[in-house]
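Visitor: First the structure, then my questions, so here it is.
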Amino acid sequence: MNLSRASEKLQILADAAKYDVSCASSGGNRKNENKGLGDSKANGICHSFTEDGRCVSLLKILLTNHCIYDCAFCVSRKSNDVQRAAFTVEEVVDLTINFYRRNYIEGLFLSSGIFKNADYTMERLLRIVKKLRIEERFNGYIHLKTIPGASEELIKEAGLYADRMSINLEMPTEAGLKMVAPEKSHEDVKKPLHFVNQQIQLYKADTKLIKNTPKFVPAGQSTQMVVGATPESDMEVMYTADRFYKDYSLKRVYYSGYVPIRNDDSLLPSIGSQPPLLRENRLYQTDWLLRFYRFQVNEILNAAHPNLDPEIDPKLSWALRNLHEFPIDINTAEYDMILRVPGIGVGSAQKIIAARRFGKLRTYQLQKLGIAYNRAKYFIRCADTPFLSKDWQPQQIRNFILGSSHGKFQKAATQQLTLF
Amino acid sequence: MEIYVFDDTLEGLLTLIFDWYHRKPGPILVHSEKHHHPSAFHPAFEVVTEAEKASRVARGLQQKLTQAGWRNFYCTFLSEQPEAFQHLFQFAVYVFSGVENPEDNYGHDSVLYVSQMARKVEREKHHLEAFIRFQHTRDGMYYAPVEPKYNVLPLIARHFKDRYADQPWVIYDHLRRYGLYYDLQKLDLINIDFQKNNSTTLPVSISEETHEEMYQFLWKDYFKSTNIESRRNIKLQVRSMPRRFWRYLTEKQI
Ligand code: SF4
């Protein structure tokens with residue numbers, strides 16, 4: 001490999017790939033049984049963090065940024081005046097293997113602009129993953145983009161080598177997408193998502209009957225929506241996410257705050273405007289409430305509340321709107337209800353359930369368990385809580401919590417928050 | 001109150017627990033040799049490590065604990081924190097007291113301590129699995145120097161052996177002066193005292209054939225290009241990747 005040429009390509013093609021925010025390397029379980037290279041476990045690893053605070057887990061690159069399409073939101077669009085480059089199959093394999101051997105990465109995230117046509121592009125991607133798996137005996141993680149419009153045979157074969165496949169919805173609604181990419185539609189995404197999901201379910205059924213059924217996209221599928229480029233409400237974003245989770249058994253939906261890349265377009269925010277990071281964070285929190293906290297999407301977002309509250313997280317927001325459900329008694333409440341208390345996470349909720357079998361929990365014990373007590377205290381009772389505690393109004397609690405975590409909101413505007 | 005002193009090993013601590021049941025001295029202080037200072041007020045009892053006693057206690061604990069509970073015990077031991085040993089002792093006594101599912105009682109001080117300390121040790125293990133950087137040296141070896149906060153090399157051995165089954169490698173703990181060595185067949189502990197290296201340059205030279213410098217260079221390119229400047233958030237970067245790891249991170253070298 002020639003260093004200066006490889007270096008130039010890497011800069012161009014990593015730069016063009018970075019707006020896809022998915023970084024997960026989880027859900028793979030390829031054991032290193034062939035004494036080859038690599039082993040992927042269910043939990044992915046972030047090997048580094050860039051200055052934007054994002055996780056670096058996979059070598060995330062485009063095979064090429066040549067593209068026949070002209071999607072307004074994309075740096076690789078045909079009409080954009082940028083340097084173009086393309087890796088060879090060998091170069092991608094070489095970089096992946098050598099980065100992996102040095103413990104820089106968990107694997108490869110390979111995407112591509114569409115050059116010539118969908119099948120031609122998909123076929124190249126397929127050659128790379130095949131070479132990695134078969135010739136290099138590589139068991140690391142591979143996330144492969146499904147190219148919309150590629151033939152089912154190619155997609156099906158690629159699924160035998162990839163751990164995860166994804167296709168991006170790009171914009172949360174069909175109308176939004178049509179605004180910025182008239183050539184595209186959600187239907188083009190649904191079809192291959194459905195096809196791959198169908199295959200996954202088939203292989204799963206086979207695995208139960210026949211041992212040694214080959215793996216097919218074992219880490220499942222994901223998708224990404226760009227938020228803040230087109231005018232959707234949070235409700236529209238999350239209802240779409242919820243539907244796609246259910247219809248295609250997606251493992252993850254990613255929300256990517258739009259990073260402005262052009263000044264010449266009246267449709268999209270222009271360079272210099274901040275990406276909507278706080279909004280993005282609130283959407284992720286909502287996503288977590290759906291996946292791990294047993295909330296229904298319409299409890300959090302509905303016609304009366306079409307947008308998430310920027311000041312407080314969606315769990316607290318729900319609790320304040322539903323104060324009649326609280327306070328709950330920590331020593332008797334059901335797990336599902338403990339999960340809904342602001343300031344109590346999944347881990348602490350489980351600890352509470354385990355510990356209270358040994359005797360009634362008191363306030364000091366609860367504080368030590370690692371819950372955010374100052375937040376939770378308005379919503380719970382312990383063994384030693386005095387019976388006549390005060391009846392606070394939602395607005396008062398809101399002010400207390402915002403007051404005690406002072407400045408968090410302002411800071412939040414520029415930084416990604418932890419989840420709860 | 002008597003001070004029981006053991007020899008810093010897990011077997012030593014387990015022997016100590018055995019001796020306590022045998023000698024019945026009432027409440028004691030547990031010190032490891034490394035942290036022990038003789039006291040005028042508390043007489044010291046030197047525990048003599050015995051494999052037979054240790055394995056009886058280990059078996060007893062394993063019977064009464066879940067697998068995860070026993071792992072937490074081991075992880076807390078590897079934390080090497082002075083107060084950890086006292087808690088492990090109290091934890092063991094509580095486990096042997098006959099309550100059911102003792103490790104679930106997070107209202108108990110030592111039970112909570114062990115579960116929380118074990119989590120910290122597991123986090124350090126995870127950090128190491130993430131932030132170790134191998135360099136391909138002239139003799140074909142992949143070499144990684146580390147300085148973990150807790151003694152986690154025993155915990156990461158399996159992970160690296162599974163992952164890098166087709167390349168020889170060494171992971172060397174500069175603080176505790178020992179390392180793991182995998183030679184394509186088996187894994188060994190090595191005690192060679194490498195000269196402690198204050199820069200992150202290699203102790204052994206790298207060659208043209210391994211292209212080590214080229215891949216380091218390309219990795220740094222990648223690291224820079226994948227960053228999104230308008231999302232700059234150094235605080236989050238540092239929180240996720242504590243600065244103490246940076247000196248060994250290829251991408252953080254100029
Ligand atoms: S098809 Fe993909 S790469 Fe091409 S312009 Fe559209 S989003 Fe960008």
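By convention in this document, the chains of the structure tokens carry letters A, B, ... by their order, each chain's residues are numbered from 1, and ligands are numbered from 1 in the order they are shown.
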Find the residues in chain A near chain B: any atom within 7 Å counts, using only C-alpha atoms. Write them as a PyMOL selection string.
Guide: chain A and resi 3+7+10-11+14-15+18+32+35-39+45-53+102-104+354-355+358+365+415
Visitor: For Asp70 in chain A, work out the shell of residues within 8 Å, counting only C-alpha atoms and skipping chain neighbours fewer than 4 positions away, then give it as a ChimeraX atom specification.
Guide: /A:74,76-79,181
Visitor: DSSP on the backbone, then: every residue of range 10-63 of chain B marked helix (DSSP H, G or I), written as a ChimeraX atom specification.
Guide: /B:10-23,33-35,51-63
Visitor: Kindly work out which residues sit at most 12 Å from ligand 1, using only C-alpha atoms and all ligand atoms, and give the list as a count of residues only.
Guide: 58
Visitor: As an exercise, work out the distance from CA of Lys41 in chain A to CA of Lys131 in chain A in Å and give it to one decimal place.
Guide: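 For CA of Lys41 in chain A relative to CA of Lys131 in chain A, the distance reads 21.5 Å.
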Visitor: Please give the complete set of residues from range 35-178 of chain A that DSSP, run on the backbone, assigns to strand (DSSP E or B), formatted as a list in words.
Guide: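 Residues meeting the strand (DSSP E or B) criterion: Leu37, Ser48, Phe49, Cys55, Val56, Leu58, Leu59, Lys60, Ile61, Leu62, Thr64, Ala86, Gly107, Leu108, Phe109, Leu110, Ser111, Phe138, Tyr141, Ile142, His143, Leu144, Lys145, Arg164, Met165, Ser166 and Glu170 of chain A.
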Visitor: Give me the residues near range 27-29 of chain B as a PyMOL selection string, where near means some atom within 9 Å (using only C-alpha atoms) and where sequence neighbours in that chain fewer than 3 positions away do not count.
Guide: chain B and resi 1-5+20+24+42+86
Visitor: Excluding same-chain residues fewer than 5 positions from range 145-151 of chain B, what lies within 6 Å of it counting only C-alpha atoms, as an MDAnalysis selection string?
Guide: chainID B and resid 78:79 171:175
Visitor: Just the residues within 7 Å of range 310-327 of chain A, please, counting only C-alpha atoms, with nothing from its chain fewer than 4 positions along; format it as a ChimeraX atom specification.
Guide: /A:279,282,285-286,300,342,379-381,394,409
Visitor: Could you check which of A:Ala175, A:Leu160, A:Ala150, A:Ala219 is closest to Gly44 in chain A, using only C-alpha atoms?
Guide: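 Checking each of A:Ala175, A:Leu160, A:Ala150, A:Ala219 against Gly44 in chain A, counting only C-alpha atoms, the winner is A:Ala219.
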Visitor: Might you pull out every residue within 8 Å of range 195-204 of chain A, with only C-alpha atoms counted and same-chain residues fewer than 2 positions away left off, and present them as a short mmCIF file (atom, residue, chain, number, x, y, z; two decimals) with all heavy atoms, in the first residue's frame?
Guide:
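Final file, out-v5.cif:
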```
data_model
loop_
_atom_site.label_atom_id
_atom_site.label_comp_id
_atom_site.auth_asym_id
_atom_site.auth_seq_id
_atom_site.Cartn_x
_atom_site.Cartn_y
_atom_site.Cartn_z
N GLU A 152 -31.94 -8.86 -4.77
CA GLU A 152 -32.10 -9.65 -3.54
C GLU A 152 -31.01 -10.71 -3.41
O GLU A 152 -30.59 -11.02 -2.30
CB GLU A 152 -33.49 -10.27 -3.51
CG GLU A 152 -34.56 -9.20 -3.39
CD GLU A 152 -35.94 -9.73 -3.04
OE1 GLU A 152 -36.19 -10.93 -3.28
OE2 GLU A 152 -36.77 -8.94 -2.53
N ILE A 155 -27.99 -9.00 -1.83
CA ILE A 155 -28.26 -8.66 -0.44
C ILE A 155 -28.23 -9.92 0.42
O ILE A 155 -27.65 -9.94 1.51
CB ILE A 155 -29.62 -7.96 -0.31
CG1 ILE A 155 -29.58 -6.60 -1.04
CG2 ILE A 155 -30.01 -7.75 1.14
CD1 ILE A 155 -30.89 -5.85 -1.05
N LYS A 156 -28.81 -10.96 -0.13
CA LYS A 156 -28.89 -12.21 0.61
C LYS A 156 -27.50 -12.78 0.86
O LYS A 156 -27.19 -13.26 1.95
CB LYS A 156 -29.71 -13.20 -0.22
CG LYS A 156 -30.34 -14.30 0.59
CD LYS A 156 -31.38 -14.99 -0.27
CE LYS A 156 -31.56 -16.44 0.19
NZ LYS A 156 -32.55 -17.13 -0.63
N GLY A 159 -25.60 -10.79 3.49
CA GLY A 159 -26.09 -11.05 4.84
C GLY A 159 -25.41 -12.24 5.51
O GLY A 159 -25.42 -12.37 6.74
N LYS A 191 -38.58 -1.83 1.54
CA LYS A 191 -38.52 -3.10 0.82
C LYS A 191 -37.32 -3.95 1.25
O LYS A 191 -37.49 -5.09 1.68
CB LYS A 191 -38.53 -2.86 -0.70
CG LYS A 191 -39.54 -3.76 -1.41
CD LYS A 191 -39.57 -3.51 -2.90
CE LYS A 191 -38.51 -4.36 -3.58
NZ LYS A 191 -38.25 -4.01 -4.97
N PRO A 192 -36.10 -3.40 1.13
CA PRO A 192 -34.96 -4.21 1.58
C PRO A 192 -34.94 -4.48 3.10
O PRO A 192 -34.53 -5.56 3.51
CB PRO A 192 -33.73 -3.39 1.16
CG PRO A 192 -34.22 -2.07 0.71
CD PRO A 192 -35.67 -2.18 0.43
N LEU A 193 -35.43 -3.53 3.91
CA LEU A 193 -35.49 -3.79 5.35
C LEU A 193 -36.37 -5.01 5.60
O LEU A 193 -36.05 -5.89 6.40
CB LEU A 193 -36.08 -2.59 6.11
CG LEU A 193 -35.17 -1.43 6.49
CD1 LEU A 193 -35.98 -0.34 7.20
CD2 LEU A 193 -34.00 -1.87 7.35
N ASP A 206 -34.59 -21.84 11.27
CA ASP A 206 -33.76 -22.98 10.87
C ASP A 206 -32.78 -23.36 11.97
O ASP A 206 -32.53 -24.55 12.21
CB ASP A 206 -32.95 -22.64 9.61
CG ASP A 206 -33.81 -22.80 8.37
OD1 ASP A 206 -34.97 -23.21 8.53
OD2 ASP A 206 -33.30 -22.51 7.27
N THR A 207 -32.19 -22.33 12.61
CA THR A 207 -31.19 -22.61 13.64
C THR A 207 -31.78 -23.48 14.73
O THR A 207 -31.09 -24.31 15.31
CB THR A 207 -30.70 -21.29 14.26
OG1 THR A 207 -30.44 -20.38 13.20
CG2 THR A 207 -29.44 -21.49 15.06
N LYS A 208 -33.08 -23.29 14.99
CA LYS A 208 -33.71 -24.09 16.03
C LYS A 208 -33.77 -25.55 15.62
O LYS A 208 -33.69 -26.45 16.45
CB LYS A 208 -35.11 -23.56 16.32
CG LYS A 208 -35.05 -22.33 17.22
CD LYS A 208 -36.40 -21.95 17.78
CE LYS A 208 -36.34 -20.54 18.35
NZ LYS A 208 -37.38 -19.67 17.77
N THR A 213 -26.59 -24.03 11.21
CA THR A 213 -27.15 -23.11 10.23
C THR A 213 -26.22 -21.90 10.19
O THR A 213 -25.83 -21.40 11.23
CB THR A 213 -28.55 -22.65 10.67
OG1 THR A 213 -29.34 -23.80 10.89
CG2 THR A 213 -29.19 -21.77 9.63
N PRO A 214 -25.85 -21.43 9.00
CA PRO A 214 -24.96 -20.27 8.97
C PRO A 214 -25.64 -19.05 9.60
O PRO A 214 -26.86 -18.97 9.64
CB PRO A 214 -24.69 -20.05 7.48
CG PRO A 214 -25.70 -20.85 6.77
CD PRO A 214 -26.18 -21.92 7.67
N LYS A 215 -24.82 -18.11 10.07
CA LYS A 215 -25.38 -16.90 10.65
C LYS A 215 -25.85 -15.98 9.52
O LYS A 215 -25.22 -15.90 8.49
CB LYS A 215 -24.30 -16.16 11.43
CG LYS A 215 -23.87 -16.83 12.71
CD LYS A 215 -22.93 -15.89 13.43
CE LYS A 215 -22.21 -16.50 14.60
NZ LYS A 215 -22.73 -17.66 15.25
N PHE A 216 -26.95 -15.30 9.77
CA PHE A 216 -27.41 -14.31 8.81
C PHE A 216 -27.70 -13.00 9.54
O PHE A 216 -28.62 -12.93 10.36
CB PHE A 216 -28.66 -14.81 8.09
CG PHE A 216 -29.08 -13.92 6.95
CD1 PHE A 216 -28.56 -14.11 5.67
CD2 PHE A 216 -29.96 -12.87 7.17
CE1 PHE A 216 -28.93 -13.28 4.63
CE2 PHE A 216 -30.33 -12.03 6.13
CZ PHE A 216 -29.81 -12.23 4.86
N VAL A 217 -26.91 -11.98 9.28
CA VAL A 217 -27.05 -10.67 9.94
C VAL A 217 -27.39 -10.84 11.43
O VAL A 217 -28.43 -10.37 11.89
CB VAL A 217 -28.11 -9.79 9.24
CG1 VAL A 217 -27.97 -8.32 9.64
CG2 VAL A 217 -27.98 -9.90 7.73
N PRO A 218 -26.50 -11.53 12.18
CA PRO A 218 -26.84 -11.88 13.56
C PRO A 218 -27.07 -10.68 14.48
O PRO A 218 -27.76 -10.80 15.48
CB PRO A 218 -25.63 -12.69 14.03
CG PRO A 218 -24.52 -12.30 13.12
CD PRO A 218 -25.17 -12.02 11.79
N GLY A 220 -28.62 -7.99 13.53
CA GLY A 220 -29.85 -7.32 13.13
C GLY A 220 -29.64 -6.06 12.30
O GLY A 220 -28.53 -5.78 11.86
N GLN A 221 -30.73 -5.34 12.11
CA GLN A 221 -30.69 -4.16 11.25
C GLN A 221 -30.89 -2.87 12.04
O GLN A 221 -31.48 -2.87 13.11
CB GLN A 221 -31.80 -4.24 10.21
CG GLN A 221 -31.72 -5.43 9.28
CD GLN A 221 -32.68 -5.27 8.12
OE1 GLN A 221 -32.32 -4.75 7.09
NE2 GLN A 221 -33.92 -5.70 8.30
N TYR A 248 -40.02 -3.91 11.48
CA TYR A 248 -38.86 -4.59 10.92
C TYR A 248 -37.92 -5.14 11.99
O TYR A 248 -36.77 -5.42 11.72
CB TYR A 248 -38.11 -3.64 9.97
CG TYR A 248 -39.02 -3.06 8.93
CD1 TYR A 248 -39.50 -1.76 9.02
CD2 TYR A 248 -39.46 -3.86 7.87
CE1 TYR A 248 -40.38 -1.25 8.09
CE2 TYR A 248 -40.34 -3.36 6.93
CZ TYR A 248 -40.80 -2.05 7.04
OH TYR A 248 -41.68 -1.56 6.12
N SER A 249 -38.41 -5.28 13.20
CA SER A 249 -37.60 -5.76 14.33
C SER A 249 -36.22 -5.11 14.36
O SER A 249 -35.22 -5.79 14.54
CB SER A 249 -37.41 -7.28 14.28
OG SER A 249 -38.45 -7.92 13.62
#
```
Visitor: I need the residue nearest Glu236 in chain A from this list: A:Lys211, A:Arg291, A:His305, A:Lys178. Use only C-alpha atoms for the distance.
Guide: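 Nearest to Glu236 in chain A: A:His305.
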